[in-house]
Amino acid sequence: MHDRKGHRLAGLGIGLALLLAGCGSDDGTGVRNVDGTQAASGSGTASGSGTASGQAAACKPVGDAASADATIAVELKEWTVLPARADVPAGTVTFEARNTGQDAHKLVVVRAADPASLPLAADGTVDEEKLPEGAFVGEIEAFPAGQSCTGTFELPAGSYALFCNLLETEADGSKENHYANGMRTRFEARG
(Lines give C-alpha, C1' and ligand atoms only; values in the text may rest on other atoms or scores of the structure.)
Protein backbone atom coordinates (compact mmCIF):
# COMPACT_ATOMS: atom_id res chain seq x y z
CA MET A 1 0.00 0.00 0.00
CA HIS A 2 2.77 2.46 0.89
CA ASP A 3 4.68 1.58 -2.30
CA ARG A 4 1.61 2.41 -4.43
CA LYS A 5 1.18 5.70 -2.59
CA GLY A 6 4.84 6.56 -3.26
CA HIS A 7 4.39 5.87 -6.98
CA ARG A 8 1.24 8.00 -7.05
CA LEU A 9 3.00 10.87 -5.27
CA ALA A 10 5.92 10.66 -7.72
CA GLY A 11 3.45 10.77 -10.61
CA LEU A 12 1.68 13.72 -9.04
CA GLY A 13 4.96 15.61 -8.80
CA ILE A 14 5.74 15.00 -12.46
CA GLY A 15 2.20 15.97 -13.46
CA LEU A 16 2.37 19.15 -11.39
CA ALA A 17 5.67 20.12 -13.02
CA LEU A 18 4.14 19.59 -16.47
CA LEU A 19 1.01 21.51 -15.49
CA LEU A 20 2.95 24.46 -14.15
CA ALA A 21 5.21 24.51 -17.20
CA GLY A 22 2.18 24.61 -19.48
CA CYS A 23 0.27 27.30 -17.61
CA GLY A 24 2.43 30.33 -18.36
CA SER A 25 0.75 33.54 -17.33
CA ASP A 26 -2.92 33.40 -16.48
CA ASP A 27 -5.09 36.49 -16.29
CA GLY A 28 -7.63 34.59 -14.19
CA THR A 29 -10.37 34.64 -16.82
CA GLY A 30 -9.75 31.14 -18.18
CA VAL A 31 -10.28 27.85 -16.44
CA ARG A 32 -7.60 25.20 -16.71
CA ASN A 33 -8.22 21.55 -16.14
CA VAL A 34 -5.81 19.66 -13.91
CA ASP A 35 -4.48 17.94 -17.03
CA GLY A 36 -3.32 21.32 -18.41
CA THR A 37 -5.86 21.67 -21.21
CA GLN A 38 -7.80 24.89 -21.66
CA ALA A 39 -11.44 24.48 -20.65
CA ALA A 40 -12.68 28.04 -20.74
CA SER A 41 -12.73 31.32 -22.50
CA GLY A 42 -10.73 34.40 -21.70
CA SER A 43 -8.39 36.79 -23.37
CA GLY A 44 -4.93 35.66 -24.40
CA THR A 45 -3.77 32.20 -25.30
CA ALA A 46 -3.07 29.05 -23.40
CA SER A 47 -1.23 25.87 -24.15
CA GLY A 48 0.38 22.98 -22.40
CA SER A 49 -0.07 19.36 -21.69
CA GLY A 50 0.62 16.85 -19.00
CA THR A 51 -1.41 14.93 -16.52
CA ALA A 52 -1.96 15.17 -12.82
CA SER A 53 -4.06 13.17 -10.46
CA GLY A 54 -5.64 15.54 -8.00
CA GLN A 55 -2.57 17.67 -7.35
CA ALA A 56 -2.39 21.44 -7.75
CA ALA A 57 -0.24 24.38 -6.82
CA ALA A 58 -0.74 26.12 -3.50
CA CYS A 59 -3.61 28.56 -3.06
CA LYS A 60 -3.57 31.84 -4.95
CA PRO A 61 -6.17 34.09 -3.24
CA VAL A 62 -8.31 36.12 -5.65
CA GLY A 63 -9.40 39.68 -4.90
CA ASP A 64 -9.27 41.63 -1.65
CA ALA A 65 -11.02 39.78 1.17
CA ALA A 66 -10.77 42.93 3.36
CA SER A 67 -13.20 44.69 0.98
CA ALA A 68 -15.94 42.05 1.32
CA ASP A 69 -19.44 42.87 2.51
CA ALA A 70 -19.96 39.19 3.37
CA THR A 71 -17.87 36.04 3.76
CA ILE A 72 -19.22 32.56 3.03
CA ALA A 73 -17.44 29.31 3.89
CA VAL A 74 -17.65 26.74 1.09
CA GLU A 75 -16.60 23.12 1.57
CA LEU A 76 -15.23 21.34 -1.51
CA LYS A 77 -14.95 17.56 -1.48
CA GLU A 78 -15.70 14.57 -3.66
CA TRP A 79 -18.44 15.20 -5.09
CA THR A 80 -20.05 18.21 -3.51
CA VAL A 81 -19.84 21.99 -3.23
CA LEU A 82 -21.34 22.95 0.14
CA PRO A 83 -21.70 26.66 0.96
CA ALA A 84 -22.45 27.41 4.63
CA ARG A 85 -25.47 29.39 3.39
CA ALA A 86 -27.41 29.28 0.11
CA ASP A 87 -27.66 33.07 -0.19
CA VAL A 88 -26.11 36.37 0.78
CA PRO A 89 -26.97 40.04 0.24
CA ALA A 90 -25.74 41.33 -3.13
CA GLY A 91 -22.36 43.06 -2.99
CA THR A 92 -18.73 42.09 -2.59
CA VAL A 93 -18.56 38.48 -1.40
CA THR A 94 -15.58 36.45 -0.23
CA PHE A 95 -15.82 32.70 -0.62
CA GLU A 96 -13.59 30.88 1.87
CA ALA A 97 -13.16 27.60 0.04
CA ARG A 98 -11.98 24.66 2.18
CA ASN A 99 -10.84 21.56 0.35
CA THR A 100 -11.77 18.72 2.70
CA GLY A 101 -11.59 16.11 -0.06
CA GLN A 102 -8.75 13.94 -1.27
CA ASP A 103 -8.29 15.53 -4.72
CA ALA A 104 -7.41 19.08 -5.76
CA HIS A 105 -10.49 21.25 -6.34
CA LYS A 106 -11.32 24.70 -7.64
CA LEU A 107 -14.30 26.98 -7.23
CA VAL A 108 -15.81 28.66 -10.28
CA VAL A 109 -18.54 31.30 -9.93
CA VAL A 110 -20.86 32.07 -12.86
CA ARG A 111 -24.18 33.85 -13.13
CA ALA A 112 -26.73 31.14 -13.98
CA ALA A 113 -30.20 30.05 -12.90
CA ASP A 114 -29.47 26.31 -12.95
CA PRO A 115 -25.99 24.85 -12.29
CA ALA A 116 -26.97 21.56 -13.95
CA SER A 117 -27.77 23.21 -17.29
CA LEU A 118 -24.51 25.03 -18.01
CA PRO A 119 -23.13 24.57 -21.54
CA LEU A 120 -20.73 21.63 -21.81
CA ALA A 121 -17.61 21.00 -23.86
CA ALA A 122 -17.05 17.66 -25.59
CA ASP A 123 -15.17 16.37 -22.52
CA GLY A 124 -18.13 17.13 -20.21
CA THR A 125 -16.58 20.13 -18.45
CA VAL A 126 -18.40 23.46 -18.46
CA ASP A 127 -17.60 25.26 -21.73
CA GLU A 128 -17.11 28.82 -20.54
CA GLU A 129 -16.82 30.08 -24.12
CA LYS A 130 -20.51 29.23 -24.53
CA LEU A 131 -21.65 31.08 -21.39
CA PRO A 132 -23.74 34.19 -22.02
CA GLU A 133 -21.81 37.47 -22.16
CA GLY A 134 -20.89 38.58 -18.63
CA ALA A 135 -21.93 35.32 -16.93
CA PHE A 136 -18.40 34.37 -15.83
CA VAL A 137 -17.71 36.04 -12.46
CA GLY A 138 -14.40 34.50 -11.40
CA GLU A 139 -12.68 31.49 -9.94
CA ILE A 140 -10.34 30.20 -7.30
CA GLU A 141 -7.77 28.13 -9.19
CA ALA A 142 -7.26 24.49 -8.22
CA PHE A 143 -5.62 24.01 -4.84
CA PRO A 144 -4.58 20.90 -2.91
CA ALA A 145 -6.60 18.76 -0.53
CA GLY A 146 -6.44 19.85 3.09
CA GLN A 147 -5.97 23.54 2.24
CA SER A 148 -8.18 26.62 2.10
CA CYS A 149 -8.24 29.49 -0.37
CA THR A 150 -10.29 32.67 -0.77
CA GLY A 151 -11.89 34.40 -3.72
CA THR A 152 -13.56 37.80 -3.49
CA PHE A 153 -16.03 38.74 -6.22
CA GLU A 154 -18.70 41.36 -6.91
CA LEU A 155 -22.11 39.66 -7.00
CA PRO A 156 -25.04 41.76 -8.22
CA ALA A 157 -28.46 40.44 -7.19
CA GLY A 158 -29.28 37.21 -8.98
CA SER A 159 -28.72 33.47 -9.22
CA TYR A 160 -25.26 31.92 -9.47
CA ALA A 161 -23.68 28.52 -10.00
CA LEU A 162 -20.73 27.45 -7.85
CA PHE A 163 -18.85 24.47 -9.27
CA CYS A 164 -15.55 22.66 -9.71
CA ASN A 165 -14.57 22.38 -13.38
CA LEU A 166 -11.62 20.00 -13.14
CA LEU A 167 -11.10 17.03 -15.40
CA GLU A 168 -8.48 14.66 -14.02
CA THR A 169 -6.65 11.88 -15.79
CA GLU A 170 -6.30 8.96 -13.40
CA ALA A 171 -3.31 6.59 -13.31
CA ASP A 172 -5.27 4.01 -15.33
CA GLY A 173 -6.02 6.61 -18.04
CA SER A 174 -9.66 7.08 -17.09
CA LYS A 175 -11.10 10.59 -16.76
CA GLU A 176 -12.68 11.97 -13.60
CA ASN A 177 -14.97 14.95 -14.27
CA HIS A 178 -15.69 16.88 -11.07
CA TYR A 179 -18.63 18.88 -12.50
CA ALA A 180 -20.29 15.78 -14.01
CA ASN A 181 -19.77 13.92 -10.72
CA GLY A 182 -21.94 16.50 -8.93
CA MET A 183 -19.59 19.25 -7.75
CA ARG A 184 -22.05 22.07 -8.42
CA THR A 185 -24.67 24.03 -6.51
CA ARG A 186 -26.90 27.06 -6.78
CA PHE A 187 -26.20 30.27 -4.85
CA GLU A 188 -28.23 33.47 -4.57
CA ALA A 189 -27.25 37.10 -4.13
CA ARG A 190 -30.30 38.90 -2.75
CA GLY A 191 -31.15 42.40 -3.97
# chains A, B, ... in the order shown; residues from 1 in each chain; ligands from 1
call {"tool": "residues_around", "arguments": {"residues": "Val74 of chain A", "least_positions_apart": "3", "cutoff": "9 Å", "atoms": "only C-alpha atoms", "output": "count of residues only"}}
result
11
call {"tool": "residues_around", "arguments": {"residues": "Val88 of chain A", "least_positions_apart": "2", "cutoff": "9 Å", "atoms": "only C-alpha atoms", "output": "PyMOL selection string"}}
result
chain A and resi 70-72+85-86+90-91+93+187-190
call {"tool": "closest_atom_pairs", "arguments": {"of": "segment 44-130 of chain A", "to": "segment 140-149 of chain A", "cutoff": "12 Å", "atoms": "only C-alpha atoms", "output": "JSON lines"}}
result
{"residue": "A:Ala52", "atom": "CA", "partner": "A:Ala142", "partner_atom": "CA", "distance": 11.7}
{"residue": "A:Ser53", "atom": "CA", "partner": "A:Pro144", "partner_atom": "CA", "distance": 10.8}
{"residue": "A:Gly54", "atom": "CA", "partner": "A:Pro144", "partner_atom": "CA", "distance": 7.5}
{"residue": "A:Gln55", "atom": "CA", "partner": "A:Pro144", "partner_atom": "CA", "distance": 5.8}
{"residue": "A:Ala56", "atom": "CA", "partner": "A:Phe143", "partner_atom": "CA", "distance": 5.0}
{"residue": "A:Ala57", "atom": "CA", "partner": "A:Phe143", "partner_atom": "CA", "distance": 5.7}
{"residue": "A:Ala58", "atom": "CA", "partner": "A:Phe143", "partner_atom": "CA", "distance": 5.5}
{"residue": "A:Cys59", "atom": "CA", "partner": "A:Phe143", "partner_atom": "CA", "distance": 5.3}
{"residue": "A:Lys60", "atom": "CA", "partner": "A:Cys149", "partner_atom": "CA", "distance": 6.9}
{"residue": "A:Pro61", "atom": "CA", "partner": "A:Cys149", "partner_atom": "CA", "distance": 5.8}
{"residue": "A:Val62", "atom": "CA", "partner": "A:Ile140", "partner_atom": "CA", "distance": 6.5}
{"residue": "A:Gly63", "atom": "CA", "partner": "A:Ile140", "partner_atom": "CA", "distance": 9.8}
{"residue": "A:Ala65", "atom": "CA", "partner": "A:Cys149", "partner_atom": "CA", "distance": 10.8}
{"residue": "A:Ile72", "atom": "CA", "partner": "A:Cys149", "partner_atom": "CA", "distance": 11.9}
{"residue": "A:Ala73", "atom": "CA", "partner": "A:Ser148", "partner_atom": "CA", "distance": 9.8}
{"residue": "A:Val74", "atom": "CA", "partner": "A:Ser148", "partner_atom": "CA", "distance": 9.5}
{"residue": "A:Glu75", "atom": "CA", "partner": "A:Ser148", "partner_atom": "CA", "distance": 9.1}
{"residue": "A:Leu76", "atom": "CA", "partner": "A:Ala145", "partner_atom": "CA", "distance": 9.1}
{"residue": "A:Lys77", "atom": "CA", "partner": "A:Ala145", "partner_atom": "CA", "distance": 8.5}
{"residue": "A:Glu78", "atom": "CA", "partner": "A:Ala145", "partner_atom": "CA", "distance": 10.5}
{"residue": "A:Thr94", "atom": "CA", "partner": "A:Cys149", "partner_atom": "CA", "distance": 10.1}
{"residue": "A:Phe95", "atom": "CA", "partner": "A:Cys149", "partner_atom": "CA", "distance": 8.2}
{"residue": "A:Glu96", "atom": "CA", "partner": "A:Cys149", "partner_atom": "CA", "distance": 6.0}
{"residue": "A:Ala97", "atom": "CA", "partner": "A:Cys149", "partner_atom": "CA", "distance": 5.3}
{"residue": "A:Arg98", "atom": "CA", "partner": "A:Ser148", "partner_atom": "CA", "distance": 4.3}
{"residue": "A:Asn99", "atom": "CA", "partner": "A:Ala145", "partner_atom": "CA", "distance": 5.2}
{"residue": "A:Thr100", "atom": "CA", "partner": "A:Gly146", "partner_atom": "CA", "distance": 5.5}
{"residue": "A:Gly101", "atom": "CA", "partner": "A:Ala145", "partner_atom": "CA", "distance": 5.7}
{"residue": "A:Gln102", "atom": "CA", "partner": "A:Ala145", "partner_atom": "CA", "distance": 5.3}
{"residue": "A:Asp103", "atom": "CA", "partner": "A:Ala145", "partner_atom": "CA", "distance": 5.6}
{"residue": "A:Ala104", "atom": "CA", "partner": "A:Pro144", "partner_atom": "CA", "distance": 4.4}
{"residue": "A:His105", "atom": "CA", "partner": "A:Ala142", "partner_atom": "CA", "distance": 4.9}
{"residue": "A:Lys106", "atom": "CA", "partner": "A:Ala142", "partner_atom": "CA", "distance": 4.1}
{"residue": "A:Leu107", "atom": "CA", "partner": "A:Ile140", "partner_atom": "CA", "distance": 5.1}
{"residue": "A:Val108", "atom": "CA", "partner": "A:Ile140", "partner_atom": "CA", "distance": 6.4}
{"residue": "A:Val109", "atom": "CA", "partner": "A:Ile140", "partner_atom": "CA", "distance": 8.7}
call {"tool": "atom_distance", "arguments": {"atom1": "atom CA of Asn165 of chain A", "atom2": "atom CA of Tyr179 of chain A"}}
result
5.4 Å
call {"tool": "atom_distance", "arguments": {"atom1": "atom CA of Thr169 of chain A", "atom2": "atom CA of Val110 of chain A"}}
result
24.9 Å
call {"tool": "select_by_dssp", "arguments": {"residues": "segment 57-178 of chain A", "states": "helix (DSSP H, G or I)", "output": "list in words"}}
result
Ala65, Ala66, Ser67, Pro115, Ala116, Ser117, Glu128, Glu129 and Lys130 of chain A
call {"tool": "closest_residue", "arguments": {"among": "A:Thr80, A:Thr185, A:Thr125, A:Thr92", "to": "Ala161 of chain A", "atoms": "only C-alpha atoms"}}
result
A:Thr185
call {"tool": "residues_around", "arguments": {"residues": "segment 112-119 of chain A", "least_positions_apart": "3", "cutoff": "12 Å", "atoms": "only C-alpha atoms", "output": "PyMOL selection string"}}
result
chain A and resi 39-40+81+108-109+122-137+155+157-165+179-189
call {"tool": "atom_distance", "arguments": {"atom1": "atom CA of Gly138 of chain A", "atom2": "atom CA of Trp79 of chain A"}}
result
20.7 Å
call {"tool": "select_by_dssp", "arguments": {"residues": "segment 56-108 of chain A", "states": "strand (DSSP E or B)", "output": "PyMOL selection string"}}
result
chain A and resi 62+70-77+80-83+87-89+91-99+105-108
call {"tool": "write_last_selection", "arguments": {"atoms": "N, CA, C and O atoms", "output": "tab-separated table (two decimals), in the first residue's frame"}}
result
chain	number	residue	atom	x	y	z
A	62	VAL	N	-7.81	35.24	-4.60
A	62	VAL	CA	-8.31	36.12	-5.65
A	62	VAL	C	-9.03	37.29	-4.99
A	62	VAL	O	-9.88	37.09	-4.13
A	70	ALA	N	-19.57	40.45	2.75
A	70	ALA	CA	-19.96	39.19	3.37
A	70	ALA	C	-18.91	38.13	3.05
A	70	ALA	O	-18.24	38.19	2.02
A	71	THR	N	-18.78	37.17	3.96
A	71	THR	CA	-17.87	36.04	3.76
A	71	THR	C	-18.66	34.76	3.95
A	71	THR	O	-19.38	34.61	4.94
A	72	ILE	N	-18.51	33.84	3.00
A	72	ILE	CA	-19.22	32.56	3.03
A	72	ILE	C	-18.20	31.43	2.98
A	72	ILE	O	-17.38	31.38	2.06
A	73	ALA	N	-18.27	30.52	3.94
A	73	ALA	CA	-17.44	29.31	3.89
A	73	ALA	C	-18.06	28.35	2.89
A	73	ALA	O	-19.28	28.18	2.84
A	74	VAL	N	-17.19	27.73	2.07
A	74	VAL	CA	-17.65	26.74	1.09
A	74	VAL	C	-16.75	25.52	1.21
A	74	VAL	O	-15.53	25.62	1.07
A	75	GLU	N	-17.36	24.37	1.48
A	75	GLU	CA	-16.60	23.12	1.57
A	75	GLU	C	-16.59	22.44	0.20
A	75	GLU	O	-17.64	22.28	-0.42
A	76	LEU	N	-15.40	22.06	-0.26
A	76	LEU	CA	-15.23	21.34	-1.51
A	76	LEU	C	-14.71	19.95	-1.19
A	76	LEU	O	-13.71	19.81	-0.49
A	77	LYS	N	-15.41	18.93	-1.67
A	77	LYS	CA	-14.95	17.56	-1.48
A	77	LYS	C	-15.61	16.70	-2.54
A	77	LYS	O	-16.55	17.13	-3.20
A	80	THR	N	-19.10	17.17	-3.91
A	80	THR	CA	-20.05	18.21	-3.51
A	80	THR	C	-19.37	19.58	-3.38
A	80	THR	O	-18.17	19.68	-3.13
A	81	VAL	N	-20.20	20.61	-3.52
A	81	VAL	CA	-19.84	21.99	-3.23
A	81	VAL	C	-20.88	22.43	-2.20
A	81	VAL	O	-22.07	22.50	-2.50
A	82	LEU	N	-20.42	22.69	-0.96
A	82	LEU	CA	-21.34	22.95	0.14
A	82	LEU	C	-21.10	24.33	0.77
A	82	LEU	O	-20.28	24.47	1.68
A	83	PRO	N	-21.83	25.36	0.30
A	83	PRO	CA	-21.70	26.66	0.96
A	83	PRO	C	-22.38	26.61	2.33
A	83	PRO	O	-23.37	25.89	2.50
A	87	ASP	N	-27.51	31.72	0.35
A	87	ASP	CA	-27.66	33.07	-0.19
A	87	ASP	C	-26.94	34.09	0.68
A	87	ASP	O	-26.51	33.79	1.80
A	88	VAL	N	-26.82	35.28	0.13
A	88	VAL	CA	-26.11	36.37	0.78
A	88	VAL	C	-26.64	37.66	0.17
A	88	VAL	O	-27.11	37.65	-0.98
A	89	PRO	N	-26.60	38.78	0.88
A	89	PRO	CA	-26.97	40.04	0.24
A	89	PRO	C	-26.02	40.36	-0.92
A	89	PRO	O	-24.83	40.06	-0.86
A	91	GLY	N	-23.50	42.20	-3.33
A	91	GLY	CA	-22.36	43.06	-2.99
A	91	GLY	C	-21.06	42.32	-3.20
A	91	GLY	O	-20.99	41.37	-3.99
A	92	THR	N	-20.04	42.73	-2.49
A	92	THR	CA	-18.73	42.09	-2.59
A	92	THR	C	-18.70	40.90	-1.64
A	92	THR	O	-18.88	41.07	-0.43
A	93	VAL	N	-18.48	39.71	-2.18
A	93	VAL	CA	-18.56	38.48	-1.40
A	93	VAL	C	-17.23	37.74	-1.46
A	93	VAL	O	-16.66	37.55	-2.53
A	94	THR	N	-16.75	37.32	-0.29
A	94	THR	CA	-15.58	36.45	-0.23
A	94	THR	C	-16.04	35.03	0.03
A	94	THR	O	-16.79	34.78	0.98
A	95	PHE	N	-15.59	34.12	-0.83
A	95	PHE	CA	-15.82	32.70	-0.62
A	95	PHE	C	-14.56	32.13	0.00
A	95	PHE	O	-13.48	32.23	-0.57
A	96	GLU	N	-14.70	31.57	1.20
A	96	GLU	CA	-13.59	30.88	1.87
A	96	GLU	C	-13.74	29.40	1.55
A	96	GLU	O	-14.49	28.68	2.19
A	97	ALA	N	-13.05	28.98	0.50
A	97	ALA	CA	-13.16	27.60	0.04
A	97	ALA	C	-12.22	26.72	0.85
A	97	ALA	O	-11.03	27.00	0.96
A	98	ARG	N	-12.77	25.65	1.43
A	98	ARG	CA	-11.98	24.66	2.18
A	98	ARG	C	-12.05	23.34	1.44
A	98	ARG	O	-13.14	22.81	1.21
A	99	ASN	N	-10.90	22.83	1.06
A	99	ASN	CA	-10.84	21.56	0.35
A	99	ASN	C	-10.67	20.44	1.37
A	99	ASN	O	-9.58	20.18	1.85
A	105	HIS	N	-9.21	20.70	-5.88
A	105	HIS	CA	-10.49	21.25	-6.34
A	105	HIS	C	-10.33	22.73	-6.61
A	105	HIS	O	-9.39	23.37	-6.15
A	106	LYS	N	-11.27	23.27	-7.38
A	106	LYS	CA	-11.32	24.70	-7.64
A	106	LYS	C	-12.75	25.15	-7.43
A	106	LYS	O	-13.66	24.32	-7.34
A	107	LEU	N	-12.95	26.45	-7.36
A	107	LEU	CA	-14.30	26.98	-7.23
A	107	LEU	C	-14.51	28.03	-8.31
A	107	LEU	O	-13.81	29.04	-8.34
A	108	VAL	N	-15.47	27.75	-9.20
A	108	VAL	CA	-15.81	28.66	-10.28
A	108	VAL	C	-17.17	29.26	-9.96
A	108	VAL	O	-18.07	28.57	-9.50
call {"tool": "closest_residue", "arguments": {"among": "A:Gly173, A:Ala121, A:Glu139, A:Gly191", "to": "Phe153 of chain A", "atoms": "only C-alpha atoms"}}
result
A:Glu139
